[in-house]
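Peer 1: Encoded as structure tokens, here's the structure I'll be asking about.
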Amino acid sequence: MTEKISNWTSADDAMVENAIRRGATRRDLLKLMLAGGMAASGAGFILGRASRAIAATPVSGGAFKAAGWSSSTADTLDPAKASLSTDYVRCCSLYNRLTFLDKAGVTQMELAESIESKDAKIWTVKLRKGVTFHDGKELTADDVVFSLKRHLDPGVGSKVAKIAAQMTDFKAVDKSTVEITLANPNADLPTILALHHFMIVANGTTDFSKGNGTGAFVLETFDPGNRSIVVKNKNYWKSGQPHLDSFEFFAISDDNARVNALLSGDIHFAASINPRAMKLIDGQSGFTLSKTTSGNYTNLNMRLDMAPGNKKDFVDGMKYLVNREQIVKSALRGLGEVANDQPVSPANIYHNNDLKPKAFDPDKAKFYFQKAGVLGQSIPVVASDAATSSIDMAMIIQAAGADIGMKLDVQRVPSDGYWDNYWLKAPIHFGNINPRPTPDILFSLLYASNAPWNESQYKSEKFDKMLVEARGLLDHAKRKQIYGEMQAMVAEEAGTIIPAYISNVDALSSKVNGLEANPLGGMMGYAMAEYLWLQA
């Protein structure tokens with residue numbers, strides 16, 4: 001057997017792979033190899049290797065159909081206004097960004113050939129040459145300047161207007177060079193430009209219904225609130241991409257119905273399904289699940305400027321009362337990773353791996369509650385279905401409290417109006433935060449003294465100074481050190497408990513290949529259509 005395998009050549013591998021692509025069955029291939037004198041075990045080994053090679057080699061062609069979970073008549077192809085996952089998926093298929101985040105969370109160049117700065121304040125963007133829009137127009141610096149300046153126009157209604165506001169000047173230096181000036185140094189600009197909203201559109205565009213971008217697909221049909229169909233851009237500037245001939249995307253809001261559509265063969269991909277719907281796939285051959293943990297979380301917030309959160313011993317007691325492992329196992333049905341009470345997830349290159357989660361320790365929690373003088377008091381905790389799994393989390397924490405004489409009164413309130421009436425307002429309440437690509441965005445949004453979403457009213461002059469310092473540093477190692485210390489400060493000092501980073505689960509046909517995790521979210525950060533292929 002060893003001799004037969006050693007005599008096997010790459011040409012023989014290619015023969016088997018081609019036979020598989022033509023539709024030869026496993027039995028046909030084994031007969032072929034056995035007739036040639038190969039031992040059965042050797043033939044099985046070669047066949048397995050060939051099958052894996054086929055699965056790893058992109059195949060061109062196929063009409064890919066996928067279903068998301070939400071849609072609206074307000075669905076848009078204007079990247080600046082995109083607000084739902086449905087919008088992001090479509091925009092990612094039609095347009096490109098200057099940069100993108102890879103599966104490791106590292107910023108890579110896309111339409112930009114390079115983005116450089118000496119001081120993190122004035123940035124020079126060199127564009128790739130030979131890139132064209134779907135209508136044949138060549139990509140130039142004017143398109144980039146127009147696309148970025150749109151976010152500063154209040155009339156556009158950009159969803160990233162506050163982030164874009166730091167860009168104070170844009171200059172087309174020449175046909176393929178753009179200079180961006182910031183109000184203050186920010187070393188994260190290349191990563192910020194990877195956000196979905198910063199897709200590049202053609203200079204002067206006012207009608208976005210045609211989806212005229214530089215992306216992998218060209219728009220064929222767009223019916224807001226219903227569906228979209230895009231077809232392969234045969235002039236795409238990325239060699240060999242996309243693999244698919246077409247991509248149809250629509251929404252099925254009910255999880256079970258979305259999975260049933262997959263099982264019946266109506267679609268190839270069912271996005272973001274819940275644990276109950278996952279059971280429908282158990283034991284079904286020809287289907288698989290893809291899990292992505294990219295930084296979404298539900299957290300318990302204790303306002304430090306209100307009783308009882310104004311007593312540090314109470315906050316410390318609550319952090320020891322939370323059984324993070326049980327929350328992942330029970331509240332999240334295993335779809336999550338234990339977190340360490342700060343918002344920068346393991347999907348981020350700046351995550352502090354040395355910061356360990358607080359251990360579940362009821363005795364220590366009771367000690368702190370007694371010091372705070374709250375043991376035996378009834379403490380209201382507001383939860384709602386609006387914050388993912390917060391009611392289940394609240395019940396787990398409530399039960400742990402009852403075991404040590406701590407009375408937590410879980411007040412379940414309706415989803416409608418929760419974010420306006422309770423979030424950021426109630427003394428103890430739950431929040432739900434979506435992934436953000438940089439620590440600076442997370443800390444500026446949630447933990448700076450003047451943060452608009454400062455859920456626990458955490459205020460630290462030292463933290464604020466470190467935030468500004470890290471923002472302007474081009475030294476990655478130094479930034480990582482500072483961000484690591486800031487994560488520890490949040491975990492120890494803020495009134496927020498982040499027990500777990502929640503996983504997103506997509507269900508797909510085994511014919512779908514090429515899917516990878518991405519820190520910007522499920523469906524490969526919503527950009528899957530460009531990279532996937534269908535195996536026959």
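Identifiers in the structure tokens: chain A, B, ... in order shown; residue index from 1 per chain; ligand index from 1 in order shown.
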Taking only segment 426-461 of chain A into account, list the residues labelled alpha helix (DSSP H) by DSSP (computed from the backbone), as a count of residues only.
Peer 2: 9
Peer 1: Segment 334-345 of chain A: which residues within 7 Å, counting only C-alpha atoms, same-chain residues fewer than 6 positions away excluded, as a VMD selection string?
Peer 2: chain A and resid 293 to 295 324 to 325 328 351 355 to 358 439 442 487 490 to 491 496 to 503
Peer 1: How many Å separate atom CA of Thr124 of chain A from atom CA of Pro190 of chain A?
Peer 2: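 Separation between atom CA of Thr124 of chain A and atom CA of Pro190 of chain A: 10.6 Å.
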Peer 1: Which residues come within 12 Å of Asp475 of chain A, counting only C-alpha atoms, excluding same-chain residues fewer than 3 positions away, as a short mmCIF file (atom, residue, chain, number, x, y, z; two decimals) with N, CA and C atoms, in the first residue's frame?
Peer 2:
```cif
data_model
loop_
_atom_site.label_atom_id
_atom_site.label_comp_id
_atom_site.auth_asym_id
_atom_site.auth_seq_id
_atom_site.Cartn_x
_atom_site.Cartn_y
_atom_site.Cartn_z
N LYS A 118 2.10 60.22 9.56
CA LYS A 118 3.26 60.39 10.44
C LYS A 118 2.84 60.85 11.83
N ASP A 119 1.64 61.45 11.92
CA ASP A 119 1.23 62.03 13.20
C ASP A 119 -0.17 61.58 13.64
N ALA A 120 -0.81 60.67 12.90
CA ALA A 120 -2.16 60.15 13.18
C ALA A 120 -3.24 61.23 13.02
N ASN A 186 -5.90 60.37 15.59
CA ASN A 186 -6.62 59.12 15.83
C ASN A 186 -5.99 58.02 14.99
N ALA A 187 -5.24 57.14 15.65
CA ALA A 187 -4.53 56.07 14.94
C ALA A 187 -5.48 55.01 14.40
N ASP A 188 -6.77 55.07 14.78
CA ASP A 188 -7.73 54.06 14.35
C ASP A 188 -8.40 54.39 13.01
N GLU A 469 -4.81 59.70 25.02
CA GLU A 469 -3.43 59.33 24.72
C GLU A 469 -3.37 58.16 23.75
N ALA A 470 -4.12 57.10 24.04
CA ALA A 470 -4.09 55.90 23.20
C ALA A 470 -4.62 56.19 21.80
N ARG A 471 -5.59 57.06 21.71
CA ARG A 471 -6.20 57.38 20.41
C ARG A 471 -5.17 57.93 19.43
N GLY A 472 -4.24 58.71 19.93
CA GLY A 472 -3.29 59.38 19.04
C GLY A 472 -2.00 58.63 18.80
N LYS A 478 2.33 50.01 22.48
CA LYS A 478 1.98 50.95 23.54
C LYS A 478 0.47 51.09 23.68
N ARG A 479 -0.21 51.14 22.52
CA ARG A 479 -1.67 51.24 22.56
C ARG A 479 -2.27 50.01 23.25
N LYS A 480 -1.74 48.84 22.92
CA LYS A 480 -2.26 47.59 23.50
C LYS A 480 -2.07 47.59 25.02
N GLN A 481 -0.95 48.12 25.46
CA GLN A 481 -0.69 48.20 26.90
C GLN A 481 -1.72 49.12 27.58
N ILE A 482 -1.94 50.28 27.00
CA ILE A 482 -2.88 51.24 27.59
C ILE A 482 -4.30 50.69 27.56
#
```
Peer 1: Neighbouring residues of Leu111 of chain A were defined as those with any atom within 6 Å, considering only C-alpha atoms; residues of the same chain fewer than 5 positions away were excluded. Please report them as a ChimeraX atom specification.
Peer 2: /A:98,127-128
Peer 1: Given the selection you just returned, output its residues as a file containing all heavy atoms, formatted as a CSV table (one decimal), in the first residue's frame.
Peer 2:
```csv
chain,number,residue,atom,x,y,z
A,98,LEU,N,-12.6,51.4,1.7
A,98,LEU,CA,-11.1,51.6,1.6
A,98,LEU,C,-10.4,50.5,2.3
A,98,LEU,O,-9.3,50.1,1.8
A,98,LEU,CB,-10.8,53.0,2.1
A,98,LEU,CG,-11.3,54.2,1.4
A,98,LEU,CD1,-11.1,55.5,2.1
A,98,LEU,CD2,-10.7,54.3,0.0
A,127,LEU,N,-5.0,55.2,-3.7
A,127,LEU,CA,-6.0,54.3,-4.2
A,127,LEU,C,-5.5,53.3,-5.2
A,127,LEU,O,-4.5,53.5,-5.9
A,127,LEU,CB,-7.1,55.1,-4.9
A,127,LEU,CG,-7.9,56.1,-4.0
A,127,LEU,CD1,-8.9,56.9,-4.9
A,127,LEU,CD2,-8.6,55.4,-2.9
A,128,ARG,N,-6.1,52.1,-5.3
A,128,ARG,CA,-5.8,51.1,-6.3
A,128,ARG,C,-6.1,51.7,-7.7
A,128,ARG,O,-7.1,52.4,-7.8
A,128,ARG,CB,-6.5,49.8,-6.1
A,128,ARG,CG,-6.2,49.1,-4.8
A,128,ARG,CD,-6.9,47.8,-4.7
A,128,ARG,NE,-6.6,47.2,-3.4
A,128,ARG,CZ,-5.6,46.5,-3.1
A,128,ARG,NH1,-4.6,46.3,-4.0
A,128,ARG,NH2,-5.4,46.0,-1.8
```
Peer 1: So the first atom is atom CA of Thr221 of chain A and the second is atom CA of Thr132 of chain A; what is the distance between them in Å, to one decimal place?
Peer 2: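 Interatomic distance here is 21.0 Å.
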Peer 1: For Val145 of chain A, list every protein, DNA or RNA residue within 10 Å, evaluated using only C-alpha atoms, and leave out those in the same chain fewer than 3 positions away; present the list as a PyMOL selection string.
Peer 2: chain A and resi 140-142+148-150+169-172+178-180+200-203
Peer 1: Write the selection just made, keeping C-alpha atoms, as a PDB file, in the first residue's frame?
Peer 2:
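Final output, result.pdb:
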```
ATOM      1  CA  THR A 140     -10.775  58.366  -8.523  1.00  0.00           C
ATOM      2  CA  ALA A 141      -9.930  60.460  -5.491  1.00  0.00           C
ATOM      3  CA  ASP A 142     -12.995  62.623  -6.163  1.00  0.00           C
ATOM      4  CA  LEU A 148     -16.643  60.707   3.021  1.00  0.00           C
ATOM      5  CA  LYS A 149     -17.916  64.306   2.987  1.00  0.00           C
ATOM      6  CA  ARG A 150     -21.507  63.054   2.673  1.00  0.00           C
ATOM      7  CA  ASP A 169     -10.849  68.288   5.748  1.00  0.00           C
ATOM      8  CA  PHE A 170     -10.607  66.220   2.568  1.00  0.00           C
ATOM      9  CA  LYS A 171      -8.353  66.904  -0.390  1.00  0.00           C
ATOM     10  CA  ALA A 172      -7.940  65.131  -3.720  1.00  0.00           C
ATOM     11  CA  VAL A 178      -6.611  61.583  -0.995  1.00  0.00           C
ATOM     12  CA  GLU A 179      -5.547  63.526   2.077  1.00  0.00           C
ATOM     13  CA  ILE A 180      -7.775  63.313   5.159  1.00  0.00           C
ATOM     14  CA  ILE A 200     -17.291  54.328  -1.537  1.00  0.00           C
ATOM     15  CA  VAL A 201     -19.893  55.603  -4.017  1.00  0.00           C
ATOM     16  CA  ALA A 202     -19.474  57.496  -7.273  1.00  0.00           C
ATOM     17  CA  ASN A 203     -18.933  61.251  -7.103  1.00  0.00           C
TER      18      ASN A 203
END
```
Peer 1: To test your reading of the structure, identify every residue in segment 189-314 of chain A that backbone DSSP assigns to strand (DSSP E), and report it as a CSV table (one decimal) with N, CA and C atoms, in the first residue's frame.
Peer 2:
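So result-v1.csv came out as:
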```
chain,number,residue,atom,x,y,z
A,217,PHE,N,-20.8,42.4,-7.1
A,217,PHE,CA,-22.1,42.1,-7.8
A,217,PHE,C,-22.7,43.4,-8.3
A,218,VAL,N,-23.5,43.2,-9.4
A,218,VAL,CA,-24.3,44.3,-10.0
A,218,VAL,C,-25.7,44.1,-9.7
A,219,LEU,N,-26.4,45.1,-9.4
A,219,LEU,CA,-27.8,45.0,-9.0
A,219,LEU,C,-28.7,44.7,-10.2
A,220,GLU,N,-29.6,43.7,-9.9
A,220,GLU,CA,-30.6,43.3,-10.9
A,220,GLU,C,-32.0,43.7,-10.4
A,221,THR,N,-32.3,43.4,-9.1
A,221,THR,CA,-33.6,43.7,-8.6
A,221,THR,C,-33.5,44.1,-7.1
A,222,PHE,N,-34.2,45.2,-6.8
A,222,PHE,CA,-34.2,45.6,-5.4
A,222,PHE,C,-35.6,46.1,-5.1
A,223,ASP,N,-36.3,45.3,-4.2
A,223,ASP,CA,-37.7,45.6,-3.7
A,223,ASP,C,-37.6,45.8,-2.2
A,227,ARG,N,-37.1,41.8,-1.3
A,227,ARG,CA,-35.9,41.0,-1.7
A,227,ARG,C,-35.0,41.8,-2.6
A,228,SER,N,-33.8,41.3,-2.8
A,228,SER,CA,-32.9,41.8,-3.8
A,228,SER,C,-32.2,40.7,-4.5
A,229,ILE,N,-31.9,40.9,-5.8
A,229,ILE,CA,-31.1,40.0,-6.6
A,229,ILE,C,-29.9,40.7,-7.2
A,230,VAL,N,-28.7,40.2,-7.0
A,230,VAL,CA,-27.5,40.8,-7.6
A,230,VAL,C,-26.9,39.7,-8.4
A,231,VAL,N,-26.2,40.1,-9.5
A,231,VAL,CA,-25.5,39.2,-10.4
A,231,VAL,C,-24.0,39.5,-10.4
A,232,LYS,N,-23.2,38.5,-10.8
A,232,LYS,CA,-21.8,38.6,-10.8
A,232,LYS,C,-21.3,39.8,-11.6
A,246,SER,N,-25.0,34.5,-9.0
A,246,SER,CA,-26.0,35.4,-8.5
A,246,SER,C,-26.2,35.2,-7.0
A,247,PHE,N,-26.8,36.2,-6.4
A,247,PHE,CA,-27.1,36.2,-4.9
A,247,PHE,C,-28.5,36.8,-4.7
A,248,GLU,N,-29.4,36.0,-4.1
A,248,GLU,CA,-30.7,36.6,-3.8
A,248,GLU,C,-30.8,36.6,-2.2
A,249,PHE,N,-31.3,37.8,-1.7
A,249,PHE,CA,-31.4,38.0,-0.3
A,249,PHE,C,-32.7,38.5,0.1
A,250,PHE,N,-33.3,38.0,1.1
A,250,PHE,CA,-34.6,38.4,1.6
A,250,PHE,C,-34.7,38.1,3.1
A,251,ALA,N,-35.8,38.4,3.7
A,251,ALA,CA,-35.9,38.2,5.2
A,251,ALA,C,-37.1,37.3,5.5
A,269,PHE,N,-29.0,29.3,3.0
A,269,PHE,CA,-28.4,30.0,4.2
A,269,PHE,C,-29.5,30.6,5.0
A,270,ALA,N,-29.6,30.3,6.3
A,270,ALA,CA,-30.6,30.9,7.3
A,270,ALA,C,-29.8,31.6,8.3
A,287,PHE,N,-26.6,19.6,6.4
A,287,PHE,CA,-26.7,20.9,6.9
A,287,PHE,C,-25.7,21.1,8.0
A,288,THR,N,-25.3,22.4,8.3
A,288,THR,CA,-24.3,22.6,9.3
A,288,THR,C,-24.6,24.0,10.0
A,289,LEU,N,-24.0,24.3,11.1
A,289,LEU,CA,-24.1,25.5,11.8
A,289,LEU,C,-22.8,26.3,11.9
A,290,SER,N,-22.9,27.6,11.8
A,290,SER,CA,-21.7,28.4,11.8
A,290,SER,C,-21.8,29.4,13.0
A,291,LYS,N,-20.9,29.3,13.9
A,291,LYS,CA,-20.9,30.2,15.1
A,291,LYS,C,-19.9,31.3,15.1
A,292,THR,N,-20.4,32.5,15.3
A,292,THR,CA,-19.5,33.7,15.3
A,292,THR,C,-19.7,34.4,16.6
A,293,THR,N,-18.6,34.7,17.3
A,293,THR,CA,-18.7,35.5,18.6
A,293,THR,C,-17.8,36.7,18.3
A,297,TYR,N,-23.0,41.8,23.4
A,297,TYR,CA,-23.2,41.4,24.7
A,297,TYR,C,-24.4,42.1,25.4
A,298,THR,N,-25.0,41.4,26.3
A,298,THR,CA,-26.0,41.9,27.2
A,298,THR,C,-25.4,42.1,28.6
A,299,ASN,N,-25.6,43.3,29.1
A,299,ASN,CA,-24.9,43.6,30.4
A,299,ASN,C,-25.8,44.1,31.5
A,300,LEU,N,-25.5,43.9,32.7
A,300,LEU,CA,-26.2,44.4,33.9
A,300,LEU,C,-25.5,45.7,34.3
A,301,ASN,N,-26.3,46.8,34.4
A,301,ASN,CA,-25.8,48.1,34.7
A,301,ASN,C,-26.3,48.6,36.1
A,302,MET,N,-25.4,49.1,36.9
A,302,MET,CA,-25.7,49.7,38.2
A,302,MET,C,-25.2,51.1,38.2
```
Peer 1: What are the closest atom pairs, with distances in Å to one decimal, for all residues of segment 65-123 of chain A lying within 12 Å of segment 258-267 of chain A? Consider only C-alpha atoms, order rows by chain and residue number, and present the result as a tab-separated table.
Peer 2:
```
residue	atom	partner	partner_atom	distance
A:Lys65	CA	A:Ile267	CA	4.9
A:Ala66	CA	A:Ile267	CA	5.5
A:Ala67	CA	A:Arg258	CA	6.9
A:Gly68	CA	A:Arg258	CA	8.1
A:Trp69	CA	A:Arg258	CA	8.0
A:Ser70	CA	A:Arg258	CA	11.2
```
Peer 1: Excluding same-chain residues fewer than 3 positions from segment 84-93 of chain A, what lies within 7 Å of it counting only C-alpha atoms, as a list in words?
Peer 2: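 The neighbour list is Gly68, Ser70, Ser71, Asp75, Thr76, Leu77, Pro79, Asn96, His196, Gly215, Ala216, Phe217, Tyr526, Ala527, Ala529 and Glu530 of chain A.
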Peer 1: Using only C-alpha atoms, which residue out of A:Ser456, A:Thr73, A:Ser449, A:Ser209 lies closest to Ala426 of chain A?
Peer 2: A:Ser456
Peer 1: Could you check which of A:Asn233, A:Phe430, A:Ala307, A:Asp403 is closest to Asp245 of chain A, using only C-alpha atoms?
Peer 2: A:Asn233
Peer 1: So the first atom is atom CA of Gly373 of chain A and the second is atom CA of Gln398 of chain A; what is the distance between them in Å, to one decimal place?
Peer 2: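 Computed distance, atom CA of Gly373 of chain A to atom CA of Gln398 of chain A, equals 18.1 Å.
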Peer 1: Would you list the contacts of segment 238-244 of chain A as a list of chain:residue names, taking every protein, DNA or RNA residue within 7 Å and counting only C-alpha atoms, but skipping same-chain residues closer than 6 positions in sequence?
Peer 2: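 Returned residues: A:Pro58, A:Val59, A:Ser60, A:Gly61, A:Gly62, A:Ala63, A:Phe64, A:Ala216, A:Lys232, A:Glu530, A:Tyr531, A:Leu532, A:Trp533.
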Peer 1: Select, from A:Ser510, A:Thr214, A:Ser330, A:Ser272, the residue with the minimum atom-to-atom distance to Asp143 of chain A, counting only C-alpha atoms.
Peer 2: A:Thr214
Peer 1: Give the answer as one residue: which of A:Ile391, A:Ala365, A:Met486, A:Val381 has the shortest atom-to-atom distance to Gly405 of chain A, using only C-alpha atoms?
Peer 2: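 For Gly405 of chain A, the nearest of the given residues is A:Ala365.
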